[in-house]
Each structure stands twice: as C-alpha cells, then as structure tokens.
>>> print(open('my_file.cif').read())   # mmCIF, C-alpha atoms, pLDDT in the B column; chains and numbers go by the auth columns
data_run
#
loop_
_atom_site.group_PDB
_atom_site.id
_atom_site.type_symbol
_atom_site.label_atom_id
_atom_site.label_comp_id
_atom_site.label_asym_id
_atom_site.label_seq_id
_atom_site.Cartn_x
_atom_site.Cartn_y
_atom_site.Cartn_z
_atom_site.B_iso_or_equiv
_atom_site.auth_seq_id
_atom_site.auth_asym_id
ATOM 1 C CA GLN A 1 20.010 -12.575 7.782 91.00 1 A
ATOM 2 C CA VAL A 2 23.304 -10.729 8.000 94.00 2 A
ATOM 3 C CA GLN A 3 25.636 -11.493 5.127 97.00 3 A
ATOM 4 C CA LEU A 4 29.223 -10.449 4.636 98.00 4 A
ATOM 5 C CA VAL A 5 30.826 -10.710 1.205 98.00 5 A
ATOM 6 C CA GLU A 6 34.487 -9.955 0.731 98.00 6 A
ATOM 7 C CA SER A 7 36.138 -8.940 -2.520 98.00 7 A
ATOM 8 C CA GLY A 8 39.258 -7.272 -3.839 98.00 8 A
ATOM 9 C CA GLY A 9 41.762 -10.057 -3.414 98.00 9 A
ATOM 10 C CA GLY A 10 44.035 -11.314 -6.135 97.00 10 A
ATOM 11 C CA LEU A 11 47.589 -12.008 -7.192 98.00 11 A
ATOM 12 C CA VAL A 12 49.866 -9.033 -6.607 97.00 12 A
ATOM 13 C CA GLN A 13 53.570 -8.357 -6.395 98.00 13 A
ATOM 14 C CA ALA A 14 55.506 -7.526 -3.270 98.00 14 A
ATOM 15 C CA GLY A 15 55.412 -3.798 -2.649 97.00 15 A
ATOM 16 C CA ASP A 16 51.987 -3.310 -4.231 97.00 16 A
ATOM 17 C CA SER A 17 48.932 -2.003 -2.447 97.00 17 A
ATOM 18 C CA LEU A 18 45.504 -3.565 -2.311 97.00 18 A
ATOM 19 C CA LYS A 19 42.055 -2.588 -1.080 98.00 19 A
ATOM 20 C CA LEU A 20 39.765 -5.284 0.227 98.00 20 A
ATOM 21 C CA THR A 21 36.050 -4.641 0.586 98.00 21 A
ATOM 22 C CA CYS A 22 33.413 -6.297 2.738 98.00 22 A
ATOM 23 C CA ILE A 23 29.847 -5.639 1.636 98.00 23 A
ATOM 24 C CA VAL A 24 27.358 -5.934 4.501 97.00 24 A
ATOM 25 C CA SER A 25 23.736 -6.839 3.860 96.00 25 A
ATOM 26 C CA GLY A 26 20.777 -7.781 6.031 95.00 26 A
ATOM 27 C CA THR A 27 21.469 -5.116 8.608 92.00 27 A
ATOM 28 C CA THR A 28 22.529 -1.515 8.991 90.00 28 A
ATOM 29 C CA PRO A 29 26.287 -1.648 9.431 91.00 29 A
ATOM 30 C CA ASP A 30 26.419 1.853 10.934 92.00 30 A
ATOM 31 C CA TYR A 31 25.610 0.517 14.405 93.00 31 A
ATOM 32 C CA TYR A 32 28.113 -2.325 14.616 95.00 32 A
ATOM 33 C CA ALA A 33 31.782 -3.106 14.848 96.00 33 A
ATOM 34 C CA PHE A 34 33.468 -5.155 12.126 97.00 34 A
ATOM 35 C CA ALA A 35 36.782 -6.915 11.978 98.00 35 A
ATOM 36 C CA TRP A 36 39.177 -8.325 9.429 98.00 36 A
ATOM 37 C CA PHE A 37 40.998 -11.580 10.024 98.00 37 A
ATOM 38 C CA ARG A 38 43.340 -13.528 7.816 98.00 38 A
ATOM 39 C CA GLN A 39 44.432 -17.138 7.535 98.00 39 A
ATOM 40 C CA ALA A 40 47.618 -18.166 5.804 97.00 40 A
ATOM 41 C CA PRO A 41 48.116 -21.736 4.569 93.00 41 A
ATOM 42 C CA GLU A 42 48.585 -24.163 7.457 95.00 42 A
ATOM 43 C CA LYS A 43 48.356 -21.376 10.013 96.00 43 A
ATOM 44 C CA GLU A 44 45.783 -20.258 12.552 96.00 44 A
ATOM 45 C CA ARG A 45 43.362 -17.514 11.664 96.00 45 A
ATOM 46 C CA GLU A 46 44.732 -14.248 13.005 96.00 46 A
ATOM 47 C CA ALA A 47 43.147 -10.888 13.723 97.00 47 A
ATOM 48 C CA VAL A 48 44.113 -7.935 11.581 98.00 48 A
ATOM 49 C CA SER A 49 41.937 -5.025 12.668 98.00 49 A
ATOM 50 C CA CYS A 50 38.599 -4.018 14.162 97.00 50 A
ATOM 51 C CA ILE A 51 36.595 -0.859 13.576 97.00 51 A
ATOM 52 C CA PRO A 52 33.839 0.190 15.981 96.00 52 A
ATOM 53 C CA SER A 53 30.606 1.902 15.068 94.00 53 A
ATOM 54 C CA GLY A 54 30.540 5.675 15.019 82.00 54 A
ATOM 55 C CA GLY A 55 33.569 7.881 14.653 70.00 55 A
ATOM 56 C CA SER A 56 34.476 8.691 18.226 72.00 56 A
ATOM 57 C CA THR A 57 36.527 5.581 18.890 83.00 57 A
ATOM 58 C CA LEU A 58 39.579 4.701 16.831 91.00 58 A
ATOM 59 C CA PRO A 59 40.032 1.354 15.115 95.00 59 A
ATOM 60 C CA VAL A 60 42.396 -1.175 16.629 96.00 60 A
ATOM 61 C CA TYR A 61 45.090 -3.222 14.910 96.00 61 A
ATOM 62 C CA ALA A 62 47.171 -6.277 15.580 95.00 62 A
ATOM 63 C CA ASP A 63 50.472 -4.966 16.873 92.00 63 A
ATOM 64 C CA SER A 64 52.545 -6.784 14.264 88.00 64 A
ATOM 65 C CA LEU A 65 50.482 -5.341 11.418 88.00 65 A
ATOM 66 C CA ARG A 66 50.192 -1.755 12.552 84.00 66 A
ATOM 67 C CA GLY A 67 51.312 0.745 9.950 90.00 67 A
ATOM 68 C CA ARG A 68 50.645 -1.055 6.679 95.00 68 A
ATOM 69 C CA PHE A 69 46.976 -1.861 7.239 97.00 69 A
ATOM 70 C CA THR A 70 44.164 0.677 7.393 97.00 70 A
ATOM 71 C CA ILE A 71 40.571 -0.253 8.149 97.00 71 A
ATOM 72 C CA SER A 72 37.731 2.080 7.255 96.00 72 A
ATOM 73 C CA ARG A 73 34.003 2.063 6.755 95.00 73 A
ATOM 74 C CA ASP A 74 31.668 3.640 4.246 94.00 74 A
ATOM 75 C CA ASN A 75 28.243 3.340 5.810 91.00 75 A
ATOM 76 C CA ALA A 76 26.520 4.864 2.804 93.00 76 A
ATOM 77 C CA ARG A 77 27.822 2.004 0.665 96.00 77 A
ATOM 78 C CA ASN A 78 27.538 -0.656 3.399 96.00 78 A
ATOM 79 C CA GLU A 79 31.269 -1.288 3.060 97.00 79 A
ATOM 80 C CA ILE A 80 34.014 -2.176 5.481 97.00 80 A
ATOM 81 C CA ASN A 81 37.363 -1.720 3.740 98.00 81 A
ATOM 82 C CA LEU A 82 40.898 -2.841 4.428 98.00 82 A
ATOM 83 C CA GLN A 83 43.722 -1.030 2.681 98.00 83 A
ATOM 84 C CA ILE A 84 47.043 -2.872 2.644 98.00 84 A
ATOM 85 C CA LYS A 85 50.242 -1.121 1.634 97.00 85 A
ATOM 86 C CA ARG A 86 53.682 -2.467 0.795 96.00 86 A
ATOM 87 C CA LEU A 87 52.444 -6.029 0.511 97.00 87 A
ATOM 88 C CA ARG A 88 54.827 -8.821 1.460 97.00 88 A
ATOM 89 C CA PRO A 89 54.792 -12.502 0.529 97.00 89 A
ATOM 90 C CA GLU A 90 53.936 -13.293 4.158 96.00 90 A
ATOM 91 C CA ASP A 91 50.675 -11.359 3.702 97.00 91 A
ATOM 92 C CA THR A 92 49.483 -14.195 1.484 98.00 92 A
ATOM 93 C CA ALA A 93 46.286 -15.457 3.097 98.00 93 A
ATOM 94 C CA VAL A 94 42.534 -15.647 2.856 98.00 94 A
ATOM 95 C CA TYR A 95 41.125 -12.449 4.342 98.00 95 A
ATOM 96 C CA TYR A 96 37.820 -12.606 6.193 98.00 96 A
ATOM 97 C CA CYS A 97 35.342 -10.010 7.383 98.00 97 A
ATOM 98 C CA ALA A 98 33.487 -10.656 10.632 98.00 98 A
ATOM 99 C CA THR A 99 31.042 -9.126 13.076 97.00 99 A
ATOM 100 C CA ASP A 100 29.215 -9.977 16.278 95.00 100 A
ATOM 101 C CA LEU A 101 26.652 -7.212 15.876 94.00 101 A
ATOM 102 C CA ARG A 102 27.928 -5.244 18.845 95.00 102 A
ATOM 103 C CA PRO A 103 28.874 -1.592 18.576 94.00 103 A
ATOM 104 C CA ARG A 104 32.363 -1.825 20.034 94.00 104 A
ATOM 105 C CA CYS A 105 35.463 -3.889 19.469 95.00 105 A
ATOM 106 C CA SER A 106 35.681 -5.946 22.633 93.00 106 A
ATOM 107 C CA ALA A 107 38.796 -6.534 24.659 93.00 107 A
ATOM 108 C CA ASN A 108 38.885 -9.998 23.073 94.00 108 A
ATOM 109 C CA TRP A 109 38.547 -8.770 19.489 95.00 109 A
ATOM 110 C CA ARG A 110 41.713 -10.626 18.502 95.00 110 A
ATOM 111 C CA SER A 111 39.958 -13.928 19.156 94.00 111 A
ATOM 112 C CA GLN A 112 37.957 -15.339 16.273 93.00 112 A
ATOM 113 C CA GLY A 113 35.593 -16.787 18.856 92.00 113 A
ATOM 114 C CA ASP A 114 34.478 -13.263 19.651 93.00 114 A
ATOM 115 C CA PHE A 115 32.703 -13.063 16.283 96.00 115 A
ATOM 116 C CA ASP A 116 29.763 -15.123 15.134 95.00 116 A
ATOM 117 C CA ARG A 117 29.163 -13.906 11.600 97.00 117 A
ATOM 118 C CA TRP A 118 31.735 -14.404 8.874 98.00 118 A
ATOM 119 C CA GLY A 119 32.142 -13.944 5.183 98.00 119 A
ATOM 120 C CA LYS A 120 33.648 -16.633 2.966 98.00 120 A
ATOM 121 C CA GLY A 121 36.854 -14.718 2.462 98.00 121 A
ATOM 122 C CA THR A 122 38.924 -13.343 -0.389 98.00 122 A
ATOM 123 C CA GLN A 123 42.300 -14.763 -1.370 98.00 123 A
ATOM 124 C CA VAL A 124 45.335 -12.490 -1.440 98.00 124 A
ATOM 125 C CA THR A 125 48.506 -13.915 -2.960 98.00 125 A
ATOM 126 C CA VAL A 126 51.685 -11.862 -2.912 98.00 126 A
ATOM 127 C CA SER A 127 54.538 -12.913 -5.180 97.00 127 A
ATOM 128 C CA SER A 128 58.122 -11.982 -4.420 92.00 128 A
#
>>> encode(input="my_file.cif", output="structure tokens")
Amino acid sequence: QVQLVESGGGLVQAGDSLKLTCIVSGTTPDYYAFAWFRQAPEKEREAVSCIPSGGSTLPVYADSLRGRFTISRDNARNEINLQIKRLRPEDTAVYYCATDLRPRCSANWRSQGDFDRWGKGTQVTVSS
C-alpha cells in the first residue's frame, strides 16, 4: 500500500522560505514520478510541479510558479521535497503530494485526475 505523508508546513511571514517534504512508503520511489499540488481556500486544486524518475529528464513546473518553487527527490530517504522561496500571502494553501506510479510526468500532469494516490496535505499559511 503506497502511502504519502507530507510535512513541513506552518505559519510563516511573507518573504520567508520553506521546505515541504513528502515521505513515500510502500514502494520504491526511485522508479516513479511525483507531483506537488496545492489548494487555497475556496479555490480549485492546482498543480505546482512534477518530478520524473531518474535524473535524465528535468522536472516541470506550473508556468505561474516557475522560479520560486524547486522540486527535488532524495531516493535514499524516500523523500520528495518542495522548496519555496520568497513566500507570498497568495501561497497560502494546503500542499499535497501525489503519484500515479508511472515513471514520467505525463502531458496531463497539471490535472489532478492524472494522479491516483495522494497524501493528506500540509498547511502553509503566509502572513503579510
């Protein structure tokens, strides 16, 4: 049973940086792609980034979030990480980790329907 558990969220001030972590259990994460999504209050869940397996293909990012967000993986620690710099109040959301146990980020990776395994999320609140 694949489980994804997010952590690292909290209350931060605008301009701060934060590192979110997704711990993967029940499978070997090395072989699969993982994504981060976020959902702000009263808004649709939106894609943030997706990282494929292996190191030969670069991660992909939502166009509007490119530059401040960095996704990475530490296979030895079974971690998928999301570094966020220069946080803004509009980054306030629940951040979710997801996978569909495929090695690549599909062309539809921005769609939450493309993923069938989700963590419960970690809350990030950015104060101005």
>>> closest_residue(input="my_file.cif", among="A:Ser127, A:Ser56, A:Thr122, A:Gln1", to="Gln39 of chain A", atoms="all atoms listed in the file")
A:Thr122
>>> closest_residue(input="my_file.cif", among="A:Thr92, A:Asn108, A:Thr99, A:Thr21", to="Ala40 of chain A", atoms="only C-alpha atoms")
A:Thr92
>>> closest_residue(input="my_file.cif", among="A:Cys50, A:Leu4, A:Val124, A:Leu18", to="Asn78 of chain A", atoms="only C-alpha atoms")
A:Leu4
>>> resolve_selection(input="my_file.cif", expression="the PyMOL selection byres ((chain A and resi 54) around 12)", output="PDB file with C-alpha atoms, in the frame of the given file")
ATOM      1  CA  PRO A  29      26.287  -1.648   9.431  1.00 91.00           C
ATOM      2  CA  ASP A  30      26.419   1.853  10.934  1.00 92.00           C
ATOM      3  CA  TYR A  31      25.610   0.517  14.405  1.00 93.00           C
ATOM      4  CA  TYR A  32      28.113  -2.325  14.616  1.00 95.00           C
ATOM      5  CA  ALA A  33      31.782  -3.106  14.848  1.00 96.00           C
ATOM      6  CA  PHE A  34      33.468  -5.155  12.126  1.00 97.00           C
ATOM      7  CA  ILE A  51      36.595  -0.859  13.576  1.00 97.00           C
ATOM      8  CA  PRO A  52      33.839   0.190  15.981  1.00 96.00           C
ATOM      9  CA  SER A  53      30.606   1.902  15.068  1.00 94.00           C
ATOM     10  CA  GLY A  55      33.569   7.881  14.653  1.00 70.00           C
ATOM     11  CA  SER A  56      34.476   8.691  18.226  1.00 72.00           C
ATOM     12  CA  THR A  57      36.527   5.581  18.890  1.00 83.00           C
ATOM     13  CA  LEU A  58      39.579   4.701  16.831  1.00 91.00           C
ATOM     14  CA  PRO A  59      40.032   1.354  15.115  1.00 95.00           C
ATOM     15  CA  SER A  72      37.731   2.080   7.255  1.00 96.00           C
ATOM     16  CA  ARG A  73      34.003   2.063   6.755  1.00 95.00           C
ATOM     17  CA  ASP A  74      31.668   3.640   4.246  1.00 94.00           C
ATOM     18  CA  ASN A  75      28.243   3.340   5.810  1.00 91.00           C
ATOM     19  CA  ARG A 102      27.928  -5.244  18.845  1.00 95.00           C
ATOM     20  CA  PRO A 103      28.874  -1.592  18.576  1.00 94.00           C
ATOM     21  CA  ARG A 104      32.363  -1.825  20.034  1.00 94.00           C
ATOM     22  CA  CYS A 105      35.463  -3.889  19.469  1.00 95.00           C
TER      23      CYS A 105
END
>>> atom_distance(input="my_file.cif", atom1="atom CA of Arg66 of chain A", atom2="atom CA of Ile23 of chain A")
23.4 Å
>>> residues_around(input="my_file.cif", residues="Ala98 of chain A", least_positions_apart="6", cutoff="7 Å", atoms="only C-alpha atoms", output="PyMOL selection string")
chain A and resi 34-36+115+117-119
>>> axis_aligned_box(input="my_file.cif", around="segment 10-27 of chain A", padding_each_side="4 Å", output="lines of an AutoDock Vina configuration file")
center_x = 38.1
center_y = -7.0
center_z = 0.7
size_x = 42.7
size_y = 18.0
size_z = 23.8
>>> resolve_selection(input="my_file.cif", expression="the PyMOL selection byres ((chain A and resi 14) around 9)", output="ChimeraX atom specification")
/A:12-13,15-17,86-89,126-128
>>> residues_near_point(input="my_file.cif", point="(54.9, -10.8, 12.7)", cutoff="10 Å", atoms="all atoms listed in the file", output="ChimeraX atom specification")
/A:62-65,90-91
>>> closest_residue(input="my_file.cif", among="A:Arg68, A:Arg77, A:Lys120, A:Arg38", to="Val24 of chain A", atoms="all atoms listed in the file")
A:Arg77
>>> closest_residue(input="my_file.cif", among="A:Gly26, A:Gly121, A:Gly67, A:Pro41", to="Glu6 of chain A", atoms="only C-alpha atoms")
A:Gly121
>>> atom_distance(input="my_file.cif", atom1="atom CA of Arg45 of chain A", atom2="atom CA of Lys19 of chain A")
19.7 Å
>>> closest_residue(input="my_file.cif", among="A:Leu101, A:Ser49, A:Ser111, A:Thr28", to="Ala76 of chain A", atoms="all atoms listed in the file")
A:Thr28
>>> atom_distance(input="my_file.cif", atom1="atom CA of Thr125 of chain A", atom2="atom CA of Gln83 of chain A")
14.9 Å
